[in-house]
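Below is run-v3.txt, holding compact mmCIF, C-alpha atoms and all ligand atoms.
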# COMPACT_ATOMS: atom_id res chain seq x y z
CA MET M 1 -35.91 60.99 -46.54
CA GLU M 2 -35.68 64.64 -47.54
CA VAL M 3 -33.18 66.73 -49.47
CA GLY M 4 -32.07 69.87 -47.59
CA SER M 5 -31.29 73.31 -49.03
CA ASP M 6 -27.56 72.41 -49.31
CA ARG M 7 -28.58 69.22 -51.18
CA GLU M 8 -27.71 66.94 -48.28
CA TYR M 9 -29.93 63.90 -47.61
CA ILE M 10 -31.84 64.10 -44.36
CA TYR M 11 -32.71 60.57 -43.11
CA LYS M 12 -35.59 59.90 -40.73
CA SER M 13 -35.03 56.73 -38.77
CA SER M 14 -38.67 55.67 -39.07
CA GLU M 15 -38.50 55.94 -42.87
CA LEU M 16 -35.30 53.95 -42.97
CA ASP M 17 -36.88 51.25 -40.82
CA ARG M 18 -39.92 51.09 -43.10
CA HIS M 19 -37.79 50.95 -46.21
CA GLU M 20 -35.63 48.23 -44.78
CA GLY M 21 -38.69 46.26 -43.68
CA GLN M 22 -40.14 46.53 -47.18
CA ILE M 23 -36.97 45.08 -48.71
CA ILE M 24 -36.97 42.21 -46.23
CA GLU M 25 -40.65 41.42 -46.90
CA GLU M 26 -40.05 41.39 -50.66
CA LEU M 27 -37.09 39.08 -50.23
CA LYS M 28 -39.07 36.76 -47.97
CA ALA M 29 -41.91 36.65 -50.48
CA SER M 30 -39.54 35.58 -53.27
CA ALA M 31 -37.63 33.07 -51.13
CA GLY M 32 -40.25 30.31 -51.03
CA GLU M 33 -38.31 27.92 -53.28
CA SER M 34 -34.61 27.08 -53.02
CA ILE M 35 -32.54 28.36 -55.92
CA PRO M 36 -31.13 25.37 -57.86
CA ASP M 37 -27.41 24.81 -57.36
CA PRO M 38 -25.76 26.12 -60.56
CA ASP M 39 -22.96 23.52 -60.16
CA ALA M 40 -25.24 20.50 -59.65
CA TRP M 41 -24.05 19.04 -62.98
CA LEU M 42 -20.61 18.68 -61.41
CA ASP M 43 -21.82 15.87 -59.14
CA GLU M 44 -22.87 13.84 -62.17
CA GLU M 45 -19.58 14.57 -63.96
CA VAL M 46 -17.58 13.51 -60.93
CA ARG M 47 -19.64 10.34 -60.53
CA ARG M 48 -19.13 9.37 -64.17
CA ASN M 49 -15.52 10.43 -64.77
CA ILE M 50 -13.50 10.13 -61.58
CA VAL M 51 -12.32 6.79 -60.23
CA LEU M 52 -10.26 6.66 -57.10
CA THR M 53 -7.59 3.97 -57.04
CA SER M 54 -3.86 3.58 -56.43
CA LEU M 55 -1.04 3.86 -58.98
CA ASP M 56 0.03 0.32 -58.05
CA THR M 57 -3.37 -0.99 -59.09
CA VAL M 58 -3.34 0.82 -62.44
CA VAL M 59 0.22 -0.24 -63.32
CA ASN M 60 -0.40 -3.84 -62.24
CA TRP M 61 -3.65 -3.94 -64.21
CA SER M 62 -1.89 -2.84 -67.39
CA ARG M 63 1.02 -5.24 -66.86
CA ARG M 64 -1.06 -8.31 -66.17
CA SER M 65 -3.44 -7.52 -69.04
CA SER M 66 -0.75 -7.30 -71.72
CA LEU M 67 1.71 -10.13 -71.12
CA TRP M 68 3.78 -10.82 -74.23
CA THR M 69 5.46 -14.19 -74.46
CA ALA M 70 9.04 -14.77 -75.61
CA ILE M 71 9.43 -17.66 -78.03
CA CYS M 72 11.21 -20.39 -76.09
CA PHE M 73 9.55 -23.74 -76.72
CA PRO M 74 12.24 -26.43 -76.79
CA ALA M 75 10.06 -29.58 -76.72
CA CYS M 76 6.67 -31.29 -76.84
CA CYS M 77 4.78 -29.12 -74.26
CA ALA M 78 4.88 -26.46 -76.96
CA PHE M 79 2.01 -28.15 -78.79
CA GLU M 80 -0.33 -27.57 -75.86
CA LEU M 81 0.81 -23.96 -75.73
CA ILE M 82 0.05 -23.65 -79.45
CA ALA M 83 -3.39 -25.19 -78.81
CA ALA M 84 -3.98 -22.63 -76.04
CA GLU M 85 -3.21 -19.89 -78.55
CA GLY M 86 -5.81 -21.23 -81.01
CA PRO M 87 -9.47 -20.23 -81.32
CA ARG M 88 -10.82 -22.97 -79.06
CA PHE M 89 -9.01 -21.85 -75.91
CA ASP M 90 -8.45 -18.30 -77.12
CA LEU M 91 -5.54 -17.13 -74.98
CA SER M 92 -6.03 -13.63 -76.33
CA ARG M 93 -8.88 -13.24 -73.84
CA PHE M 94 -6.11 -12.56 -71.34
CA GLY M 95 -4.33 -9.97 -73.49
CA MET M 96 -1.37 -12.22 -74.17
CA GLU M 97 -1.75 -13.94 -77.51
CA ILE M 98 1.21 -12.04 -78.94
CA LEU M 99 4.38 -14.11 -79.23
CA ARG M 100 7.51 -12.05 -79.59
CA ALA M 101 10.51 -13.32 -81.54
CA SER M 102 12.62 -10.67 -79.81
CA PRO M 103 13.02 -11.18 -76.06
CA ARG M 104 13.45 -7.42 -75.70
CA GLN M 105 9.76 -7.03 -76.54
CA ALA M 106 8.57 -9.79 -74.22
CA ASP M 107 7.89 -9.86 -70.50
CA LEU M 108 6.83 -13.49 -70.06
CA MET M 109 8.70 -16.73 -70.68
CA ILE M 110 6.66 -19.93 -70.83
CA THR M 111 9.16 -22.76 -70.64
CA ALA M 112 7.28 -25.30 -72.77
CA GLY M 113 9.59 -28.27 -72.97
CA THR M 114 12.59 -30.24 -71.82
CA LEU M 115 15.72 -28.18 -71.37
CA THR M 116 19.10 -29.70 -72.12
CA TRP M 117 22.31 -28.34 -70.65
CA LYS M 118 23.42 -27.54 -74.18
CA MET M 119 20.39 -25.25 -74.62
CA ALA M 120 20.56 -23.81 -71.09
CA PRO M 121 22.97 -20.92 -71.86
CA VAL M 122 20.71 -19.85 -74.76
CA VAL M 123 17.60 -19.85 -72.56
CA ARG M 124 19.51 -17.95 -69.89
CA ARG M 125 20.57 -15.37 -72.48
CA ILE M 126 17.00 -15.00 -73.76
CA TYR M 127 15.85 -14.41 -70.18
CA ASP M 128 18.59 -11.85 -69.56
CA GLN M 129 17.62 -9.98 -72.73
CA MET M 130 14.00 -9.61 -71.65
CA ALA M 131 13.21 -6.20 -70.22
CA GLU M 132 12.15 -5.75 -66.60
CA PRO M 133 9.66 -6.50 -65.22
CA LYS M 134 9.55 -10.10 -66.44
CA TRP M 135 8.00 -13.33 -65.30
CA VAL M 136 8.46 -17.05 -65.95
CA ILE M 137 5.94 -19.91 -66.07
CA ALA M 138 7.49 -23.38 -65.86
CA MET M 139 5.16 -25.45 -68.04
CA GLY M 140 5.15 -29.23 -67.71
CA ALA M 141 7.01 -31.81 -65.68
CA CYS M 142 10.21 -31.23 -67.67
CA GLY M 143 10.08 -27.50 -67.01
CA ILE M 144 9.48 -28.06 -63.31
CA SER M 145 11.94 -30.85 -62.54
CA GLY M 146 13.27 -32.45 -65.72
CA GLY M 147 10.26 -34.81 -65.82
CA ILE M 148 10.89 -38.32 -67.14
CA PHE M 149 14.36 -37.21 -68.25
CA ARG M 150 15.34 -35.93 -64.83
CA SER M 151 18.07 -38.55 -64.33
CA SER M 152 19.55 -37.98 -67.75
CA TYR M 153 23.05 -36.52 -67.78
CA ASN M 154 22.15 -33.88 -70.36
CA VAL M 155 18.82 -32.57 -69.00
CA VAL M 156 18.45 -29.59 -66.65
CA PRO M 157 16.35 -30.80 -63.68
CA GLY M 158 14.05 -27.77 -63.74
CA TYR M 159 14.27 -24.30 -65.26
CA ASN M 160 14.54 -22.86 -61.78
CA LYS M 161 18.15 -24.06 -61.76
CA ILE M 162 19.03 -21.32 -64.24
CA ILE M 163 16.25 -18.67 -64.07
CA PRO M 164 13.71 -17.62 -61.39
CA VAL M 165 10.27 -19.21 -61.89
CA ASP M 166 7.06 -17.51 -60.77
CA VAL M 167 4.41 -20.16 -61.49
CA TYR M 168 4.63 -23.94 -61.97
CA VAL M 169 2.08 -25.73 -64.18
CA PRO M 170 2.34 -29.52 -63.72
CA GLY M 171 1.47 -32.18 -66.30
CA CYS M 172 3.07 -34.15 -69.11
CA PRO M 173 2.01 -32.20 -70.97
CA PRO M 174 -0.34 -29.85 -69.12
CA ARG M 175 -3.58 -29.27 -71.02
CA PRO M 176 -4.33 -25.75 -72.28
CA GLU M 177 -6.84 -25.29 -69.44
CA ALA M 178 -4.04 -25.94 -66.93
CA LEU M 179 -1.80 -23.44 -68.67
CA ILE M 180 -4.57 -20.84 -68.66
CA TYR M 181 -5.10 -21.51 -64.95
CA GLY M 182 -1.36 -20.96 -64.41
CA ILE M 183 -1.53 -17.70 -66.33
CA GLN M 184 -4.39 -16.55 -64.13
CA MET M 185 -2.28 -17.41 -61.08
CA LEU M 186 0.51 -15.27 -62.50
CA GLN M 187 -1.91 -12.40 -63.11
CA LYS M 188 -3.00 -12.60 -59.47
CA LYS M 189 0.64 -12.53 -58.41
CA ILE M 190 1.32 -9.45 -60.56
CA ALA M 191 -1.75 -7.75 -59.08
CA ARG M 192 -0.14 -7.99 -55.62
CA GLU M 193 3.17 -6.38 -56.63
CA HIS M 194 4.19 -2.82 -55.69
CA PRO M 195 5.75 -1.25 -58.80
CA ILE M 196 5.48 2.33 -57.50
CA PRO M 197 8.12 3.23 -54.89
CA ASP M 198 6.69 4.59 -51.64
CA PRO M 199 6.55 8.42 -51.31
CA PRO M 200 9.56 8.81 -48.94
CA ARG M 201 11.79 6.99 -51.45
CA LEU M 202 10.44 9.14 -54.29
CA LEU M 203 11.10 12.32 -52.29
CA GLN M 204 14.60 11.12 -51.45
CA LYS M 205 15.35 10.53 -55.13
CA GLY M 206 13.97 14.00 -55.98
CA LYS M 207 16.30 15.63 -53.44
CA GLN M 208 19.32 13.73 -54.72
CA ALA M 209 18.62 14.72 -58.36
S1 LIG S 301 6.54 -32.55 -69.71
FE1 LIG S 301 6.02 -34.23 -71.10
S2 LIG S 301 5.09 -33.20 -72.84
FE2 LIG S 301 6.20 -31.63 -71.71
S3 LIG S 301 8.21 -31.53 -72.64
FE3 LIG S 301 8.34 -32.99 -70.96
S4 LIG S 301 7.98 -34.99 -71.90
FE4 LIG S 301 7.26 -33.43 -73.34
Hey, can you dump this file as structure tokens for me?
Amino acid sequence: MEVGSDREYIYKSSELDRHEGQIIEELKASAGESIPDPDAWLDEEVRRNIVLTSLDTVVNWSRRSSLWTAICFPACCAFELIAAEGPRFDLSRFGMEILRASPRQADLMITAGTLTWKMAPVVRRIYDQMAEPKWVIAMGACGISGGIFRSSYNVVPGYNKIIPVDVYVPGCPPRPEALIYGIQMLQKKIAREHPIPDPPRLLQKGKQA
């Protein structure tokens, strides 16, 4: 490459070829090892921090892991429920040791005891005051069918005559282990629910709003 009298660069093709070849050889000499990926740390971050799942699964997991029970224990089955709450059976393992005096703060009713027709409107009202979503476990023979008092004129032959029941736990009374088994059945049932509306319904609502 030369500089002419009018200061213009004069290129010789052979020089350009040599220069270019030199650059390529230098690059080849330095390209023995692969350059580490500057974003390699991202793979580790993704592996540790991102979990793929569905919204249904997350919502159901939180619902079934924090069931709060409304106080509605009209008869003797209640003692087994109280035992289940104690340290030996430790119901809090299932995230549901909290008993709520207000039905508005509860999402589970465990019907621990015989229900008389005189008490039925009160139980129905407690159920109606519970916020959605809500579930019911019929505990004991009386809760399921009226039990030994079934033929009595004043006993409701099963809570399912006045409120919807999700799980039935038989026994007179059922032991705490049976109640815990029933609770686990309810948790499995909740895990199969679909609380999130499907996308077309969501889109439809968005357009209407
Ligand atoms: S099922 Fe038995 S223990 Fe439970 S409330 Fe009825 S009579 Fe009492």
All residues having an atom within 9 Å of ligand LIG 301 (chain S) (all atoms listed in the file) as a PyMOL selection string | chain M and resi 73-80+112-115+139-144+146-149+170-174
What is the CA of Lys118 in chain M to CA of Val169 in chain M distance in Å?
->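 One can read the CA of Lys118 in chain M to CA of Val169 in chain M distance as 23.6 Å.
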Among listed residues M:Leu16, M:Ala40, M:Ala84, M:Ala106, nearest Ile180 in chain M (using all atoms listed in the file) =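 Using all atoms listed in the file, Ile180 in chain M sits closest to M:Ala84.
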Do you have the CA of Ala178 in chain M-CA of Ser62 in chain M distance handy?
->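 Result for CA of Ala178 in chain M versus CA of Ser62 in chain M: 23.2 Å, one decimal.
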Best match for closeness to Met119 in chain M among M:Leu55, M:Val155, M:Ile98, M:Ile50, counting only C-alpha atoms =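 Using only C-alpha atoms, the shortest distance to Met119 in chain M belongs to M:Val155.
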Tell me, as a list in words, which residues lie within 9 Å of range 94-96 of chain M, counting all atoms listed in the file; anything in the same chain fewer than 2 positions away does not count.
->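 My list of contacting residues is Arg64, Ser65, Ser66, Leu67, Trp68, Thr69, Asp90, Leu91, Ser92, Ile98, Leu99, Ile180, Ile183 and Gln184 of chain M.
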Closest atom pairs, range 104-150 of chain M residues within 12 Å of range 189-195 of chain M, only C-alpha atoms, as CSV:
residue,atom,partner,partner_atom,distance
M:Asp107,CA,M:Ile190,CA,11.9
M:Leu108,CA,M:Ile190,CA,11.7
M:Glu132,CA,M:Pro195,CA,11.0
M:Pro133,CA,M:Pro195,CA,9.2
M:Lys134,CA,M:Ile190,CA,10.1
M:Trp135,CA,M:Ile190,CA,9.1
M:Val136,CA,M:Ile190,CA,11.7
M:Ile137,CA,M:Lys189,CA,11.9
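Taking CA of Pro38 in chain M and CA of Gln22 in chain M as endpoints, the distance between them is 28.3 Å.
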So which residues touch Gln129 in chain M within 9 Å, counting only C-alpha atoms, skipping near sequence neighbours fewer than 5 positions away, as a list in words?
->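 Returned residues: Ser102, Pro103, Arg104 and Arg124 of chain M.
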Closest of M:Ala29, M:Leu179, M:Asn160, M:Ala70 to Ala131 in chain M - atom-to-atom distances counting all atoms listed in the file |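 Of all the options, M:Ala70 lies closest to Ala131 in chain M.
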I'd like the box whose edges run along x, y and z of the file and which contains every listed atom of range 68-83 of chain M, padded by 4 Å per side; could you state its centre and edge lengths in Å, one decimal, as JSON?
{"center_x": 4.4, "center_y": -21.1, "center_z": -76.8, "size_x": 23.6, "size_y": 28.5, "size_z": 13.2}
Pick from M:Pro197, M:Pro36, M:Ala138, M:Ser30, whichever lies nearest to Ile110 in chain M using all atoms listed in the file |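 Closest to Ile110 in chain M, using all atoms listed in the file: M:Ala138.
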Completion of range 159-193 of chain M up to N, CA and C atoms, as an mmCIF file, in the coordinates of the input:
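Okay, this is what ended up in result_0.cif:
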data_model
loop_
_atom_site.group_PDB
_atom_site.id
_atom_site.type_symbol
_atom_site.label_atom_id
_atom_site.label_comp_id
_atom_site.auth_asym_id
_atom_site.auth_seq_id
_atom_site.Cartn_x
_atom_site.Cartn_y
_atom_site.Cartn_z
ATOM 1 N N TYR M 159 13.793 -25.625 -64.805
ATOM 2 C CA TYR M 159 14.270 -24.300 -65.260
ATOM 3 C C TYR M 159 14.722 -23.433 -64.089
ATOM 4 N N ASN M 160 14.168 -23.715 -62.916
ATOM 5 C CA ASN M 160 14.540 -22.860 -61.780
ATOM 6 C C ASN M 160 15.991 -23.047 -61.340
ATOM 7 N N LYS M 161 16.705 -23.943 -62.023
ATOM 8 C CA LYS M 161 18.150 -24.060 -61.760
ATOM 9 C C LYS M 161 18.921 -22.938 -62.470
ATOM 10 N N ILE M 162 18.289 -22.354 -63.498
ATOM 11 C CA ILE M 162 19.030 -21.320 -64.240
ATOM 12 C C ILE M 162 18.318 -19.960 -64.275
ATOM 13 N N ILE M 163 16.986 -19.950 -64.093
ATOM 14 C CA ILE M 163 16.250 -18.670 -64.070
ATOM 15 C C ILE M 163 15.169 -18.734 -62.973
ATOM 16 N N PRO M 164 14.759 -17.583 -62.421
ATOM 17 C CA PRO M 164 13.710 -17.620 -61.390
ATOM 18 C C PRO M 164 12.349 -17.935 -62.009
ATOM 19 N N VAL M 165 11.596 -18.806 -61.378
ATOM 20 C CA VAL M 165 10.270 -19.210 -61.890
ATOM 21 C C VAL M 165 9.189 -18.653 -60.962
ATOM 22 N N ASP M 166 8.148 -18.092 -61.557
ATOM 23 C CA ASP M 166 7.060 -17.510 -60.770
ATOM 24 C C ASP M 166 5.909 -18.491 -60.542
ATOM 25 N N VAL M 167 5.563 -19.251 -61.594
ATOM 26 C CA VAL M 167 4.410 -20.160 -61.490
ATOM 27 C C VAL M 167 4.789 -21.506 -62.105
ATOM 28 N N TYR M 168 4.377 -22.591 -61.464
ATOM 29 C CA TYR M 168 4.630 -23.940 -61.970
ATOM 30 C C TYR M 168 3.307 -24.563 -62.428
ATOM 31 N N VAL M 169 3.287 -25.077 -63.657
ATOM 32 C CA VAL M 169 2.080 -25.730 -64.180
ATOM 33 C C VAL M 169 2.416 -27.195 -64.437
ATOM 34 N N PRO M 170 1.975 -28.112 -63.564
ATOM 35 C CA PRO M 170 2.340 -29.520 -63.720
ATOM 36 C C PRO M 170 1.577 -30.215 -64.831
ATOM 37 N N GLY M 171 2.114 -31.379 -65.263
ATOM 38 C CA GLY M 171 1.470 -32.180 -66.300
ATOM 39 C C GLY M 171 2.487 -32.623 -67.321
ATOM 40 N N CYS M 172 2.138 -33.657 -68.080
ATOM 41 C CA CYS M 172 3.070 -34.150 -69.110
ATOM 42 C C CYS M 172 2.268 -34.580 -70.335
ATOM 43 N N PRO M 173 1.892 -33.658 -71.173
ATOM 44 C CA PRO M 173 2.010 -32.200 -70.970
ATOM 45 C C PRO M 173 0.778 -31.670 -70.233
ATOM 46 N N PRO M 174 0.861 -30.463 -69.693
ATOM 47 C CA PRO M 174 -0.340 -29.850 -69.120
ATOM 48 C C PRO M 174 -1.314 -29.499 -70.250
ATOM 49 N N ARG M 175 -2.600 -29.655 -69.991
ATOM 50 C CA ARG M 175 -3.580 -29.270 -71.020
ATOM 51 C C ARG M 175 -3.672 -27.736 -71.087
ATOM 52 N N PRO M 176 -4.210 -27.217 -72.180
ATOM 53 C CA PRO M 176 -4.330 -25.750 -72.280
ATOM 54 C C PRO M 176 -5.086 -25.136 -71.107
ATOM 55 N N GLU M 177 -6.102 -25.844 -70.588
ATOM 56 C CA GLU M 177 -6.840 -25.290 -69.440
ATOM 57 C C GLU M 177 -5.908 -25.087 -68.247
ATOM 58 N N ALA M 178 -4.980 -26.055 -68.060
ATOM 59 C CA ALA M 178 -4.040 -25.940 -66.930
ATOM 60 C C ALA M 178 -3.112 -24.752 -67.142
ATOM 61 N N LEU M 179 -2.671 -24.577 -68.385
ATOM 62 C CA LEU M 179 -1.800 -23.440 -68.670
ATOM 63 C C LEU M 179 -2.536 -22.122 -68.415
ATOM 64 N N ILE M 180 -3.787 -22.063 -68.867
ATOM 65 C CA ILE M 180 -4.570 -20.840 -68.660
ATOM 66 C C ILE M 180 -4.761 -20.582 -67.163
ATOM 67 N N TYR M 181 -4.974 -21.657 -66.404
ATOM 68 C CA TYR M 181 -5.100 -21.510 -64.950
ATOM 69 C C TYR M 181 -3.791 -20.942 -64.359
ATOM 70 N N GLY M 182 -2.656 -21.463 -64.865
ATOM 71 C CA GLY M 182 -1.360 -20.960 -64.410
ATOM 72 C C GLY M 182 -1.176 -19.485 -64.744
ATOM 73 N N ILE M 183 -1.630 -19.108 -65.931
ATOM 74 C CA ILE M 183 -1.530 -17.700 -66.330
ATOM 75 C C ILE M 183 -2.370 -16.819 -65.397
ATOM 76 N N GLN M 184 -3.553 -17.322 -65.054
ATOM 77 C CA GLN M 184 -4.390 -16.550 -64.130
ATOM 78 C C GLN M 184 -3.726 -16.423 -62.756
ATOM 79 N N MET M 185 -3.021 -17.488 -62.340
ATOM 80 C CA MET M 185 -2.280 -17.410 -61.080
ATOM 81 C C MET M 185 -1.205 -16.323 -61.166
ATOM 82 N N LEU M 186 -0.527 -16.289 -62.323
ATOM 83 C CA LEU M 186 0.510 -15.270 -62.500
ATOM 84 C C LEU M 186 -0.106 -13.870 -62.472
ATOM 85 N N GLN M 187 -1.259 -13.719 -63.109
ATOM 86 C CA GLN M 187 -1.910 -12.400 -63.110
ATOM 87 C C GLN M 187 -2.263 -11.971 -61.689
ATOM 88 N N LYS M 188 -2.698 -12.934 -60.873
ATOM 89 C CA LYS M 188 -3.000 -12.600 -59.470
ATOM 90 C C LYS M 188 -1.729 -12.190 -58.734
ATOM 91 N N LYS M 189 -0.634 -12.866 -59.049
ATOM 92 C CA LYS M 189 0.640 -12.530 -58.410
ATOM 93 C C LYS M 189 1.070 -11.111 -58.807
ATOM 94 N N ILE M 190 0.938 -10.790 -60.094
ATOM 95 C CA ILE M 190 1.320 -9.450 -60.560
ATOM 96 C C ILE M 190 0.449 -8.391 -59.883
ATOM 97 N N ALA M 191 -0.827 -8.717 -59.696
ATOM 98 C CA ALA M 191 -1.750 -7.750 -59.080
ATOM 99 C C ALA M 191 -1.334 -7.391 -57.660
ATOM 100 N N ARG M 192 -0.549 -8.249 -57.017
ATOM 101 C CA ARG M 192 -0.140 -7.990 -55.620
ATOM 102 C C ARG M 192 1.201 -7.268 -55.534
ATOM 103 N N GLU M 193 1.849 -7.018 -56.669
ATOM 104 C CA GLU M 193 3.170 -6.380 -56.630
ATOM 105 C C GLU M 193 3.044 -4.875 -56.353
#
